[in-house]
>>> print(open('work-v2.cif').read())   # mmCIF, C-alpha atoms and all ligand atoms
data_target
loop_
_atom_site.group_PDB
_atom_site.id
_atom_site.type_symbol
_atom_site.label_atom_id
_atom_site.label_comp_id
_atom_site.auth_asym_id
_atom_site.auth_seq_id
_atom_site.Cartn_x
_atom_site.Cartn_y
_atom_site.Cartn_z
ATOM 1 C CA MET A 1 0.000 0.000 0.000
ATOM 2 C CA ILE A 2 1.233 3.494 -0.706
ATOM 3 C CA GLY A 3 0.188 6.943 0.375
ATOM 4 C CA MET A 4 -1.075 10.098 -1.312
ATOM 5 C CA THR A 5 2.401 11.464 -2.035
ATOM 6 C CA TRP A 6 2.932 8.895 -4.745
ATOM 7 C CA GLU A 7 3.942 10.106 -8.195
ATOM 8 C CA PRO A 8 4.258 8.013 -11.339
ATOM 9 C CA SER A 9 7.839 7.213 -12.365
ATOM 10 C CA TYR A 10 7.808 9.326 -15.529
ATOM 11 C CA ILE A 11 7.514 12.575 -13.557
ATOM 12 C CA ALA A 12 11.136 12.404 -12.391
ATOM 13 C CA LEU A 13 12.260 11.594 -15.950
ATOM 14 C CA HIS A 14 10.221 14.510 -17.253
ATOM 15 C CA ARG A 15 11.712 16.921 -14.727
ATOM 16 C CA SER A 16 15.284 15.841 -15.476
ATOM 17 C CA GLY A 17 14.809 16.189 -19.244
ATOM 18 C CA ASP A 18 15.595 12.482 -19.737
ATOM 19 C CA LEU A 19 12.101 11.733 -21.007
ATOM 20 C CA ALA A 20 12.372 14.403 -23.725
ATOM 21 C CA ALA A 21 15.775 13.037 -24.768
ATOM 22 C CA ARG A 22 14.497 9.475 -24.800
ATOM 23 C CA ALA A 23 11.498 10.502 -26.922
ATOM 24 C CA GLN A 24 13.674 12.397 -29.377
ATOM 25 C CA ALA A 25 16.045 9.476 -29.914
ATOM 26 C CA ALA A 26 13.153 7.050 -30.235
ATOM 27 C CA LEU A 27 11.361 9.233 -32.801
ATOM 28 C CA ALA A 28 14.564 9.414 -34.862
ATOM 29 C CA SER A 29 14.782 5.606 -34.814
ATOM 30 C CA LEU A 30 11.573 5.464 -36.873
ATOM 31 C CA ALA A 31 13.768 6.179 -39.903
ATOM 32 C CA GLN A 32 14.675 2.480 -39.723
ATOM 33 C CA CYS A 33 11.928 1.002 -37.611
ATOM 34 C CA ARG A 34 12.930 -1.928 -35.430
ATOM 35 C CA LEU A 35 10.521 -1.281 -32.605
ATOM 36 C CA CYS A 36 9.227 -4.833 -32.551
ATOM 37 C CA PRO A 37 10.896 -8.196 -33.264
ATOM 38 C CA ARG A 38 9.839 -8.049 -36.921
ATOM 39 C CA ALA A 39 12.593 -5.453 -37.414
ATOM 40 C CA CYS A 40 11.147 -4.250 -40.752
ATOM 41 C CA GLY A 41 13.760 -1.465 -41.051
ATOM 42 C CA VAL A 42 11.371 0.769 -43.031
ATOM 43 C CA ASP A 43 11.538 4.558 -42.919
ATOM 44 C CA ARG A 44 8.289 5.440 -41.203
ATOM 45 C CA LEU A 45 9.315 9.110 -41.044
ATOM 46 C CA ALA A 46 9.161 9.088 -44.849
ATOM 47 C CA GLY A 47 5.679 7.591 -44.764
ATOM 48 C CA LYS A 48 6.694 3.979 -45.354
ATOM 49 C CA GLN A 49 4.822 1.209 -43.576
ATOM 50 C CA GLY A 50 6.017 -2.125 -42.234
ATOM 51 C CA VAL A 51 3.942 -5.092 -41.096
ATOM 52 C CA CYS A 52 2.046 -2.950 -38.573
ATOM 53 C CA ARG A 53 0.735 -0.801 -41.470
ATOM 54 C CA VAL A 54 1.210 2.621 -39.922
ATOM 55 C CA ALA A 55 3.688 5.392 -40.662
ATOM 56 C CA ALA A 56 4.969 7.936 -38.127
ATOM 57 C CA GLU A 57 1.821 9.765 -37.126
ATOM 58 C CA PRO A 58 -0.139 8.148 -34.287
ATOM 59 C CA VAL A 59 -3.458 6.615 -35.318
ATOM 60 C CA VAL A 60 -6.050 6.277 -32.552
ATOM 61 C CA ALA A 61 -9.133 4.128 -33.059
ATOM 62 C CA SER A 62 -10.882 5.085 -29.827
ATOM 63 C CA TRP A 63 -10.241 6.494 -26.388
ATOM 64 C CA ASN A 64 -12.598 6.228 -23.491
ATOM 65 C CA VAL A 65 -13.293 5.142 -19.925
ATOM 66 C CA HIS A 66 -13.101 1.349 -19.746
ATOM 67 C CA ARG A 67 -14.661 -0.507 -16.808
ATOM 68 C CA TRP A 68 -14.005 -4.168 -17.651
ATOM 69 C CA GLU A 69 -10.282 -4.554 -17.136
ATOM 70 C CA GLU A 70 -8.940 -6.431 -14.092
ATOM 71 C CA PRO A 71 -10.281 -4.911 -10.822
ATOM 72 C CA PRO A 72 -7.025 -3.081 -9.831
ATOM 73 C CA ILE A 73 -6.902 -1.528 -13.323
ATOM 74 C CA SER A 74 -10.548 -0.471 -13.780
ATOM 75 C CA GLY A 75 -11.275 0.165 -10.094
ATOM 76 C CA THR A 76 -14.417 2.186 -9.527
ATOM 77 C CA ASN A 77 -13.782 5.045 -11.961
ATOM 78 C CA GLY A 78 -12.519 3.059 -14.927
ATOM 79 C CA SER A 79 -9.294 2.865 -16.893
ATOM 80 C CA GLY A 80 -8.545 5.550 -19.491
ATOM 81 C CA THR A 81 -7.967 3.429 -22.567
ATOM 82 C CA ILE A 82 -6.396 4.689 -25.781
ATOM 83 C CA PHE A 83 -6.697 2.090 -28.555
ATOM 84 C CA PHE A 84 -4.084 2.430 -31.271
ATOM 85 C CA SER A 85 -4.686 1.357 -34.853
ATOM 86 C CA GLY A 86 -2.384 -1.104 -36.583
ATOM 87 C CA CYS A 87 -0.680 -4.047 -34.899
ATOM 88 C CA THR A 88 2.538 -6.008 -35.019
ATOM 89 C CA GLY A 89 0.419 -9.177 -34.984
ATOM 90 C CA GLN A 90 -2.171 -10.555 -37.375
ATOM 91 C CA CYS A 91 -4.385 -12.756 -35.221
ATOM 92 C CA ARG A 92 -6.854 -14.738 -37.289
ATOM 93 C CA PHE A 93 -9.348 -14.408 -34.428
ATOM 94 C CA CYS A 94 -8.768 -10.725 -33.616
ATOM 95 C CA GLN A 95 -11.917 -9.163 -32.193
ATOM 96 C CA ASN A 96 -10.638 -5.693 -33.129
ATOM 97 C CA TYR A 97 -9.556 -6.541 -36.683
ATOM 98 C CA PRO A 98 -11.008 -3.397 -38.335
ATOM 99 C CA ILE A 99 -8.674 -1.420 -36.052
ATOM 100 C CA SER A 100 -5.668 -3.711 -35.883
ATOM 101 C CA GLN A 101 -5.569 -4.966 -39.447
ATOM 102 C CA PHE A 102 -7.646 -2.615 -41.622
ATOM 103 C CA GLY A 103 -6.369 0.683 -40.205
ATOM 104 C CA TYR A 104 -9.639 2.136 -38.929
ATOM 105 C CA GLY A 105 -8.852 5.204 -36.783
ATOM 106 C CA ASN A 106 -7.951 8.875 -36.762
ATOM 107 C CA HIS A 107 -4.511 10.348 -37.352
ATOM 108 C CA VAL A 108 -3.515 12.579 -34.438
ATOM 109 C CA THR A 109 -0.495 14.617 -33.436
ATOM 110 C CA ASN A 110 1.575 13.872 -30.350
ATOM 111 C CA GLU A 111 0.085 17.031 -28.839
ATOM 112 C CA ARG A 112 -3.443 15.700 -29.373
ATOM 113 C CA LEU A 113 -2.419 12.379 -27.853
ATOM 114 C CA ALA A 114 -1.247 14.298 -24.783
ATOM 115 C CA GLU A 115 -4.601 16.117 -24.629
ATOM 116 C CA MET A 116 -6.462 12.796 -24.695
ATOM 117 C CA MET A 117 -4.503 11.650 -21.638
ATOM 118 C CA LEU A 118 -5.298 14.862 -19.793
ATOM 119 C CA GLU A 119 -8.970 14.619 -20.733
ATOM 120 C CA LEU A 120 -9.148 11.029 -19.453
ATOM 121 C CA GLN A 121 -7.468 12.189 -16.243
ATOM 122 C CA GLY A 122 -10.097 14.946 -16.009
ATOM 123 C CA ARG A 123 -12.828 12.309 -16.299
ATOM 124 C CA GLY A 124 -11.513 10.618 -13.157
ATOM 125 C CA CYS A 125 -9.826 7.559 -14.696
ATOM 126 C CA HIS A 126 -7.370 5.673 -12.491
ATOM 127 C CA ASN A 127 -4.722 5.335 -15.184
ATOM 128 C CA ILE A 128 -3.909 5.829 -18.865
ATOM 129 C CA ASN A 129 -4.077 2.467 -20.600
ATOM 130 C CA PHE A 130 -2.258 2.250 -23.951
ATOM 131 C CA VAL A 131 -3.797 -0.639 -25.891
ATOM 132 C CA THR A 132 -1.685 -2.184 -28.701
ATOM 133 C CA PRO A 133 1.002 0.468 -28.229
ATOM 134 C CA THR A 134 4.261 -1.171 -29.420
ATOM 135 C CA HIS A 135 4.448 0.429 -32.863
ATOM 136 C CA PHE A 136 3.823 3.894 -31.368
ATOM 137 C CA VAL A 137 6.215 3.845 -28.413
ATOM 138 C CA PRO A 138 8.283 6.871 -29.582
ATOM 139 C CA GLN A 139 5.145 8.946 -30.111
ATOM 140 C CA ILE A 140 3.804 7.848 -26.713
ATOM 141 C CA LEU A 141 7.037 8.929 -25.023
ATOM 142 C CA ALA A 142 6.804 12.340 -26.694
ATOM 143 C CA ALA A 143 3.137 12.724 -25.776
ATOM 144 C CA VAL A 144 3.671 11.658 -22.152
ATOM 145 C CA ASN A 145 6.440 14.235 -21.876
ATOM 146 C CA ILE A 146 4.050 16.943 -23.111
ATOM 147 C CA ALA A 147 1.213 15.764 -20.860
ATOM 148 C CA ALA A 148 3.472 15.523 -17.795
ATOM 149 C CA GLY A 149 4.357 19.183 -18.303
ATOM 150 C CA GLN A 150 0.652 20.004 -18.330
ATOM 151 C CA GLY A 151 -0.293 18.118 -15.181
ATOM 152 C CA LEU A 152 -0.661 14.424 -16.057
ATOM 153 C CA ARG A 153 -0.147 12.426 -12.862
ATOM 154 C CA LEU A 154 -1.802 9.076 -13.610
ATOM 155 C CA PRO A 155 0.158 5.824 -13.856
ATOM 156 C CA LEU A 156 0.594 4.448 -17.362
ATOM 157 C CA VAL A 157 -0.551 0.961 -18.350
ATOM 158 C CA TYR A 158 1.188 -0.783 -21.262
ATOM 159 C CA ASN A 159 -1.315 -3.272 -22.662
ATOM 160 C CA THR A 160 0.556 -5.454 -25.158
ATOM 161 C CA SER A 161 0.523 -8.743 -27.068
ATOM 162 C CA GLY A 162 3.860 -9.397 -25.382
ATOM 163 C CA TYR A 163 5.684 -9.482 -28.730
ATOM 164 C CA GLU A 164 8.371 -6.976 -27.841
ATOM 165 C CA THR A 165 12.072 -6.266 -28.108
ATOM 166 C CA LEU A 166 14.239 -5.608 -25.072
ATOM 167 C CA GLU A 167 15.305 -2.261 -26.567
ATOM 168 C CA THR A 168 11.723 -1.015 -26.782
ATOM 169 C CA LEU A 169 10.894 -2.222 -23.278
ATOM 170 C CA ARG A 170 13.957 -0.429 -21.920
ATOM 171 C CA LEU A 171 12.782 2.813 -23.536
ATOM 172 C CA LEU A 172 9.751 2.453 -21.303
ATOM 173 C CA GLU A 173 11.614 1.686 -18.089
ATOM 174 C CA ASN A 174 10.417 4.059 -15.344
ATOM 175 C CA VAL A 175 7.894 5.511 -17.764
ATOM 176 C CA VAL A 176 5.380 2.671 -17.624
ATOM 177 C CA ASP A 177 4.401 1.675 -14.091
ATOM 178 C CA ILE A 178 1.849 -1.030 -14.832
ATOM 179 C CA TRP A 179 2.554 -3.735 -17.381
ATOM 180 C CA LEU A 180 -0.243 -5.767 -18.920
ATOM 181 C CA PRO A 181 1.506 -8.163 -21.317
ATOM 182 C CA ASP A 182 -0.016 -11.257 -22.897
ATOM 183 C CA ALA A 183 1.573 -14.674 -22.767
ATOM 184 C CA LYS A 184 -0.374 -16.073 -25.690
ATOM 185 C CA TYR A 185 1.409 -19.251 -26.751
ATOM 186 C CA ALA A 186 4.033 -21.840 -25.864
ATOM 187 C CA ASP A 187 4.470 -23.152 -29.425
ATOM 188 C CA ASP A 188 5.995 -21.024 -32.186
ATOM 189 C CA LYS A 189 4.253 -22.929 -34.976
ATOM 190 C CA VAL A 190 0.842 -22.248 -33.459
ATOM 191 C CA ALA A 191 1.750 -18.601 -32.831
ATOM 192 C CA ARG A 192 2.796 -18.213 -36.458
ATOM 193 C CA ARG A 193 -0.281 -19.932 -37.836
ATOM 194 C CA LEU A 194 -2.875 -18.216 -35.658
ATOM 195 C CA SER A 195 -1.284 -14.804 -35.078
ATOM 196 C CA GLY A 196 1.383 -14.405 -37.746
ATOM 197 C CA PHE A 197 4.105 -13.771 -35.163
ATOM 198 C CA PRO A 198 7.566 -15.118 -36.084
ATOM 199 C CA ARG A 199 9.401 -16.539 -33.028
ATOM 200 C CA TYR A 200 6.719 -15.431 -30.600
ATOM 201 C CA VAL A 201 7.664 -17.693 -27.700
ATOM 202 C CA GLU A 202 11.321 -16.683 -27.545
ATOM 203 C CA ASN A 203 10.515 -12.977 -27.866
ATOM 204 C CA ASN A 204 7.580 -13.140 -25.477
ATOM 205 C CA ARG A 205 9.552 -14.928 -22.769
ATOM 206 C CA ALA A 206 12.480 -12.527 -23.078
ATOM 207 C CA ALA A 207 9.994 -9.638 -22.834
ATOM 208 C CA LEU A 208 8.321 -11.070 -19.735
ATOM 209 C CA LEU A 209 11.720 -11.553 -18.077
ATOM 210 C CA GLU A 210 12.610 -7.926 -18.845
ATOM 211 C CA ILE A 211 9.311 -6.624 -17.452
ATOM 212 C CA TYR A 212 9.837 -8.767 -14.367
ATOM 213 C CA ARG A 213 13.327 -7.286 -14.001
ATOM 214 C CA GLN A 214 11.785 -3.810 -14.097
ATOM 215 C CA VAL A 215 8.882 -4.254 -11.673
ATOM 216 C CA GLY A 216 9.167 -7.672 -9.997
ATOM 217 C CA ASP A 217 6.227 -9.745 -8.812
ATOM 218 C CA GLU A 218 4.603 -7.329 -6.385
ATOM 219 C CA LEU A 219 1.448 -5.577 -7.569
ATOM 220 C CA VAL A 220 1.611 -2.307 -5.640
ATOM 221 C CA LEU A 221 -1.854 -0.992 -4.764
ATOM 222 C CA ASP A 222 -3.056 2.312 -3.381
ATOM 223 C CA GLU A 223 -5.304 2.617 -0.342
ATOM 224 C CA ASP A 224 -8.360 1.860 -2.527
ATOM 225 C CA GLY A 225 -6.896 -1.264 -4.095
ATOM 226 C CA ILE A 226 -6.024 0.423 -7.409
ATOM 227 C CA ALA A 227 -2.784 -0.639 -9.099
ATOM 228 C CA ARG A 228 0.135 1.767 -9.040
ATOM 229 C CA ARG A 229 3.002 -0.429 -10.174
ATOM 230 C CA GLY A 230 3.606 -4.012 -11.226
ATOM 231 C CA MET A 231 2.688 -6.574 -13.846
ATOM 232 C CA ILE A 232 -0.359 -8.643 -14.688
ATOM 233 C CA ILE A 233 0.113 -11.312 -17.350
ATOM 234 C CA ARG A 234 -2.914 -12.065 -19.493
ATOM 235 C CA HIS A 235 -3.515 -15.447 -21.041
ATOM 236 C CA LEU A 236 -6.456 -16.091 -23.363
ATOM 237 C CA VAL A 237 -7.532 -19.714 -23.262
ATOM 238 C CA LEU A 238 -8.073 -20.993 -26.815
ATOM 239 C CA PRO A 239 -10.195 -23.883 -28.116
ATOM 240 C CA GLY A 240 -8.472 -27.237 -28.517
ATOM 241 C CA GLY A 241 -5.689 -26.372 -26.083
ATOM 242 C CA LEU A 242 -3.959 -24.237 -28.748
ATOM 243 C CA ALA A 243 -2.739 -21.696 -26.194
ATOM 244 C CA ALA A 244 -0.883 -24.493 -24.318
ATOM 245 C CA THR A 245 -2.099 -23.025 -21.047
ATOM 246 C CA GLY A 246 -0.332 -25.597 -18.862
ATOM 247 C CA GLU A 247 3.077 -24.885 -20.400
ATOM 248 C CA VAL A 248 2.545 -21.137 -20.200
ATOM 249 C CA MET A 249 1.549 -21.309 -16.520
ATOM 250 C CA ASP A 250 4.495 -23.598 -15.689
ATOM 251 C CA TRP A 251 6.968 -21.302 -17.394
ATOM 252 C CA ILE A 252 5.689 -18.206 -15.579
ATOM 253 C CA ALA A 253 5.844 -19.918 -12.191
ATOM 254 C CA ARG A 254 9.346 -21.316 -12.795
ATOM 255 C CA ALA A 255 11.062 -18.565 -14.793
ATOM 256 C CA LEU A 256 9.429 -15.559 -13.134
ATOM 257 C CA SER A 257 7.707 -16.219 -9.834
ATOM 258 C CA PRO A 258 4.594 -18.024 -8.531
ATOM 259 C CA ARG A 259 3.546 -14.648 -7.084
ATOM 260 C CA VAL A 260 3.137 -12.961 -10.496
ATOM 261 C CA HIS A 261 -0.499 -11.972 -11.108
ATOM 262 C CA ILE A 262 -2.254 -13.840 -13.908
ATOM 263 C CA SER A 263 -5.470 -12.951 -15.696
ATOM 264 C CA LEU A 264 -6.823 -16.202 -17.095
ATOM 265 C CA MET A 265 -9.263 -15.176 -19.774
ATOM 266 C CA ASP A 266 -12.274 -17.135 -20.961
ATOM 267 C CA GLN A 267 -13.596 -14.561 -23.406
ATOM 268 C CA TYR A 268 -12.464 -16.113 -26.679
ATOM 269 C CA PHE A 269 -15.052 -16.113 -29.424
ATOM 270 C CA PRO A 270 -14.495 -16.647 -33.140
ATOM 271 C CA ALA A 271 -14.127 -13.386 -35.021
ATOM 272 C CA HIS A 272 -12.521 -12.269 -38.276
ATOM 273 C CA LYS A 273 -10.916 -15.259 -40.067
ATOM 274 C CA ALA A 274 -11.792 -17.663 -37.246
ATOM 275 C CA VAL A 275 -15.481 -17.632 -38.173
ATOM 276 C CA GLY A 276 -16.302 -21.023 -39.668
ATOM 277 C CA ASP A 277 -12.829 -22.425 -38.913
ATOM 278 C CA PRO A 278 -13.101 -26.127 -37.967
ATOM 279 C CA VAL A 279 -10.746 -25.694 -34.971
ATOM 280 C CA ILE A 280 -10.967 -22.103 -33.737
ATOM 281 C CA GLY A 281 -14.476 -21.388 -34.987
ATOM 282 C CA ARG A 282 -16.047 -22.013 -31.577
ATOM 283 C CA LYS A 283 -15.896 -20.774 -28.008
ATOM 284 C CA VAL A 284 -13.902 -22.497 -25.285
ATOM 285 C CA THR A 285 -15.973 -25.141 -23.482
ATOM 286 C CA ALA A 286 -16.562 -25.149 -19.719
ATOM 287 C CA GLU A 287 -14.346 -28.254 -19.514
ATOM 288 C CA GLU A 288 -11.509 -26.528 -21.371
ATOM 289 C CA TYR A 289 -11.655 -23.520 -19.095
ATOM 290 C CA ASP A 290 -11.750 -25.782 -16.018
ATOM 291 C CA GLU A 291 -8.620 -27.472 -17.358
ATOM 292 C CA ALA A 292 -6.952 -24.087 -17.679
ATOM 293 C CA LEU A 293 -7.846 -23.271 -14.068
ATOM 294 C CA GLY A 294 -6.384 -26.649 -13.096
ATOM 295 C CA ALA A 295 -3.155 -25.733 -14.905
ATOM 296 C CA PHE A 296 -2.985 -22.472 -12.928
ATOM 297 C CA GLU A 297 -3.315 -24.435 -9.688
ATOM 298 C CA ALA A 298 -0.931 -27.203 -10.759
ATOM 299 C CA ALA A 299 1.742 -24.582 -11.468
ATOM 300 C CA GLN A 300 1.187 -23.356 -7.888
ATOM 301 C CA LEU A 301 0.585 -19.816 -9.038
ATOM 302 C CA GLU A 302 -0.727 -17.714 -6.191
ATOM 303 C CA ASN A 303 -2.350 -14.585 -7.614
ATOM 304 C CA GLY A 304 -4.753 -13.722 -10.369
ATOM 305 C CA TRP A 305 -8.233 -13.498 -11.750
ATOM 306 C CA MET A 306 -10.514 -15.848 -13.597
ATOM 307 C CA GLN A 307 -13.693 -15.244 -15.554
ATOM 308 C CA GLU A 308 -17.042 -16.881 -14.951
ATOM 309 C CA HIS A 309 -17.552 -19.284 -17.816
ATOM 310 C CA ASP A 310 -20.563 -18.172 -19.807
ATOM 311 C CA ASP A 311 -22.039 -19.619 -22.981
ATOM 312 C CA CYS A 312 -23.147 -16.228 -24.245
ATOM 313 C CA ASP A 313 -20.829 -13.878 -26.131
ATOM 314 C CA CYS A 314 -20.433 -11.399 -23.290
ATOM 315 C CA VAL A 315 -17.312 -10.993 -21.204
ATOM 316 C CA GLY A 316 -17.856 -12.358 -17.720
ATOM 317 C CA PRO A 317 -16.768 -10.487 -14.614
ATOM 318 C CA LEU A 318 -13.239 -10.971 -13.417
ATOM 319 C CA SER A 319 -12.932 -12.351 -9.916
ATOM 320 C CA PRO A 320 -10.063 -13.603 -7.768
ATOM 321 C CA THR A 321 -8.923 -17.159 -8.501
HETATM 322 S S1 LIG B 1 6.760 -1.569 -35.346
HETATM 323 FE FE1 LIG B 1 5.885 -1.949 -37.393
HETATM 324 S S2 LIG B 1 7.369 -1.167 -38.882
HETATM 325 FE FE2 LIG B 1 8.395 -1.294 -36.876
HETATM 326 S S3 LIG B 1 9.434 -3.274 -36.874
HETATM 327 FE FE3 LIG B 1 7.425 -3.618 -35.939
HETATM 328 S S4 LIG B 1 6.003 -4.180 -37.603
HETATM 329 FE FE4 LIG B 1 7.867 -3.323 -38.519
#
>>> encode(input="work-v2.cif", output="structure tokens")
Amino acid sequence: MIGMTWEPSYIALHRSGDLAARAQAALASLAQCRLCPRACGVDRLAGKQGVCRVAAEPVVASWNVHRWEEPPISGTNGSGTIFFSGCTGQCRFCQNYPISQFGYGNHVTNERLAEMMLELQGRGCHNINFVTPTHFVPQILAAVNIAAGQGLRLPLVYNTSGYETLETLRLLENVVDIWLPDAKYADDKVARRLSGFPRYVENNRAALLEIYRQVGDELVLDEDGIARRGMIIRHLVLPGGLAATGEVMDWIARALSPRVHISLMDQYFPAHKAVGDPVIGRKVTAEEYDEALGAFEAAQLENGWMQEHDDCDCVGPLSPT
């Protein structure tokens, strides 16, 4: 628990000028973009696009108060989500595919991005939650620096597929306080086939180790139970055991810590190219989700949330495991 004097980590970096310098160097790196493990090397400053299909200007699909994240993220007032367009992945089952894969969204300046954060803060949100942010990390750094100078004091949440490079994660060290990475797969072939990620497992595990190095296994809460610092790993259970939940849980418990918080998600439904697919064209059964919960327990993980299994298409409430 922490008191009222708490400030997010990026404030000190803003005051010292380090955040501005970090943003400037990161923006320059867009001339040969290697922000994610795909390492396209394209000149996004010149308008070129790599696999993520966006150039240098931020593209925001939506920004709003979100109340259905994990309880320490959404709290009572909601999380201030900013959904970016484009994605480094190409999930066949993506529920947001018009945004992630077809580029739906509005081009904004870094200054406008900063204003969005301040407006979400003004609406009482507990944090600013960057959703699918990897390909816009330099722009986010620049915008946070602007917003910090204008009074932003909320912790930042980095809500990612977990397909990251160490270099990009280190740009965010002491800028992001709350990490929300996925651990989607334990098999590279499945990751490639379903999500288009080359070498997902290796990159994801290195990323999770780096995040763990930065914030450890303690989820620091304020006096109202709202997260201030730490990591929550999300794992979406897939039909047919394709997410290899048991292996993922085992690896987290062994390589990181059994105290790491896990969000074990039961909200898969077939969307986009998964509709009509003989394997992933259905929801997860109650038995499959029970198996996933069993894998969480077998790995002796201690902290996390589950979802009530529900045969409708709605997302069930998150509750402690
Ligand atoms: S962020 Fe986009 S352009 Fe840059 S390396 Fe990744 S996919 Fe390629």
>>> resolve_selection(input="work-v2.cif", expression="the PyMOL selection byres (((not hetatm)) within 9 of (chain B and resi 1))", output="PyMOL selection string")
chain A and resi 30+32-44+48-55+86-89+134-137+164
>>> atom_distance(input="work-v2.cif", atom1="CA of Arg205 (chain A)", atom2="CA of Ala255 (chain A)")
8.9 Å
>>> resolve_selection(input="work-v2.cif", expression="the PyMOL selection byres (((chain A and resi 228-238) around 6) and not hetatm)", output="list in words")
Asp177, Ile178, Trp179, Leu180, Pro181, Asp182, Ala183, Lys184, Val215, Glu218, Leu219, Val220, Leu221, Ala227, Pro239, Gly241, Leu242, Ala243, His261, Ile262, Ser263, Leu264, Met265 and Asp266 of chain A
>>> resolve_selection(input="work-v2.cif", expression="the PyMOL selection byres (((chain A and resi 94) around 10) and not hetatm)", output="list in words")
Gly89, Gln90, Cys91, Arg92, Phe93, Gln95, Asn96, Tyr97, Pro98, Ile99, Ser100, Gln101, Leu194, Ser195, Tyr268, Phe269, Pro270, Ala271, His272, Lys273 and Ala274 of chain A
>>> write_last_selection(input="work-v2.cif", atoms="C-alpha atoms", output="PDB file, in the frame of the given file")
ATOM      1  CA  GLY A  89       0.419  -9.177 -34.984  1.00  0.00           C
ATOM      2  CA  GLN A  90      -2.171 -10.555 -37.375  1.00  0.00           C
ATOM      3  CA  CYS A  91      -4.385 -12.756 -35.221  1.00  0.00           C
ATOM      4  CA  ARG A  92      -6.854 -14.738 -37.289  1.00  0.00           C
ATOM      5  CA  PHE A  93      -9.348 -14.408 -34.428  1.00  0.00           C
ATOM      6  CA  GLN A  95     -11.917  -9.163 -32.193  1.00  0.00           C
ATOM      7  CA  ASN A  96     -10.638  -5.693 -33.129  1.00  0.00           C
ATOM      8  CA  TYR A  97      -9.556  -6.541 -36.683  1.00  0.00           C
ATOM      9  CA  PRO A  98     -11.008  -3.397 -38.335  1.00  0.00           C
ATOM     10  CA  ILE A  99      -8.674  -1.420 -36.052  1.00  0.00           C
ATOM     11  CA  SER A 100      -5.668  -3.711 -35.883  1.00  0.00           C
ATOM     12  CA  GLN A 101      -5.569  -4.966 -39.447  1.00  0.00           C
ATOM     13  CA  LEU A 194      -2.875 -18.216 -35.658  1.00  0.00           C
ATOM     14  CA  SER A 195      -1.284 -14.804 -35.078  1.00  0.00           C
ATOM     15  CA  TYR A 268     -12.464 -16.113 -26.679  1.00  0.00           C
ATOM     16  CA  PHE A 269     -15.052 -16.113 -29.424  1.00  0.00           C
ATOM     17  CA  PRO A 270     -14.495 -16.647 -33.140  1.00  0.00           C
ATOM     18  CA  ALA A 271     -14.127 -13.386 -35.021  1.00  0.00           C
ATOM     19  CA  HIS A 272     -12.521 -12.269 -38.276  1.00  0.00           C
ATOM     20  CA  LYS A 273     -10.916 -15.259 -40.067  1.00  0.00           C
ATOM     21  CA  ALA A 274     -11.792 -17.663 -37.246  1.00  0.00           C
TER      22      ALA A 274
END
>>> atom_distance(input="work-v2.cif", atom1="CA of Thr285 (chain A)", atom2="CA of Thr245 (chain A)")
14.2 Å
>>> closest_residue(input="work-v2.cif", among="A:Ser257, A:Thr168, A:Thr5, A:Ser62", to="Ala25 (chain A)", atoms="all atoms listed in the file")
A:Thr168
>>> closest_atom_pairs(input="work-v2.cif", of="region 203-253 of chain A", to="region 291-313 of chain A", cutoff="7 Å", atoms="all atoms listed in the file", output="CSV")
residue,atom,partner,partner_atom,distance
A:Thr245,CA,A:Ala292,CA,6.0
A:Gly246,CA,A:Ala295,CA,4.9
A:Met249,CA,A:Phe296,CA,5.9
A:Asp250,CA,A:Ala299,CA,5.1
A:Ala253,CA,A:Leu301,CA,6.1
>>> residues_around(input="work-v2.cif", residues="Pro8 (chain A)", least_positions_apart="2", cutoff="9 Å", atoms="all atoms listed in the file", output="JSON, numbers by chain")
{"A": [6, 10, 11, 12, 153, 154, 155, 156, 174, 175, 176, 177, 228, 229]}
>>> residues_around(input="work-v2.cif", residues="Gly75 (chain A)", least_positions_apart="4", cutoff="10 Å", atoms="all atoms listed in the file", output="short mmCIF file (atom, residue, chain, number, x, y, z; two decimals) with C-alpha atoms, in the frame of the given file")
data_model
loop_
_atom_site.label_atom_id
_atom_site.label_comp_id
_atom_site.auth_asym_id
_atom_site.auth_seq_id
_atom_site.Cartn_x
_atom_site.Cartn_y
_atom_site.Cartn_z
CA HIS A 66 -13.10 1.35 -19.75
CA ARG A 67 -14.66 -0.51 -16.81
CA TRP A 68 -14.00 -4.17 -17.65
CA GLU A 69 -10.28 -4.55 -17.14
CA GLU A 70 -8.94 -6.43 -14.09
CA PRO A 71 -10.28 -4.91 -10.82
CA SER A 79 -9.29 2.86 -16.89
CA CYS A 125 -9.83 7.56 -14.70
CA HIS A 126 -7.37 5.67 -12.49
CA ASN A 127 -4.72 5.34 -15.18
CA ASP A 224 -8.36 1.86 -2.53
CA GLY A 225 -6.90 -1.26 -4.10
CA ILE A 226 -6.02 0.42 -7.41
CA ALA A 227 -2.78 -0.64 -9.10
#
>>> atom_distance(input="work-v2.cif", atom1="CA of Ala191 (chain A)", atom2="CA of Phe84 (chain A)")
21.9 Å
>>> residues_around(input="work-v2.cif", residues="Asn64 (chain A)", least_positions_apart="2", cutoff="10 Å", atoms="all atoms listed in the file", output="PyMOL selection string")
chain A and resi 62+66-67+78-83+116-117+119-120+123+125+128-129
>>> closest_residue(input="work-v2.cif", among="A:Leu171, A:Val131, A:Ser85, A:Ala148", to="Ser29 (chain A)", atoms="all atoms listed in the file")
A:Leu171
>>> axis_aligned_box(input="work-v2.cif", around="region 184-196 of chain A", padding_each_side="8 Å", output="JSON")
{"center_x": 1.6, "center_y": -18.8, "center_z": -31.8, "size_x": 24.9, "size_y": 24.7, "size_z": 28.1}
>>> closest_residue(input="work-v2.cif", among="A:Leu113, A:Leu13, A:Ala61, A:Ala26", to="Ala147 (chain A)", atoms="only C-alpha atoms")
A:Leu113
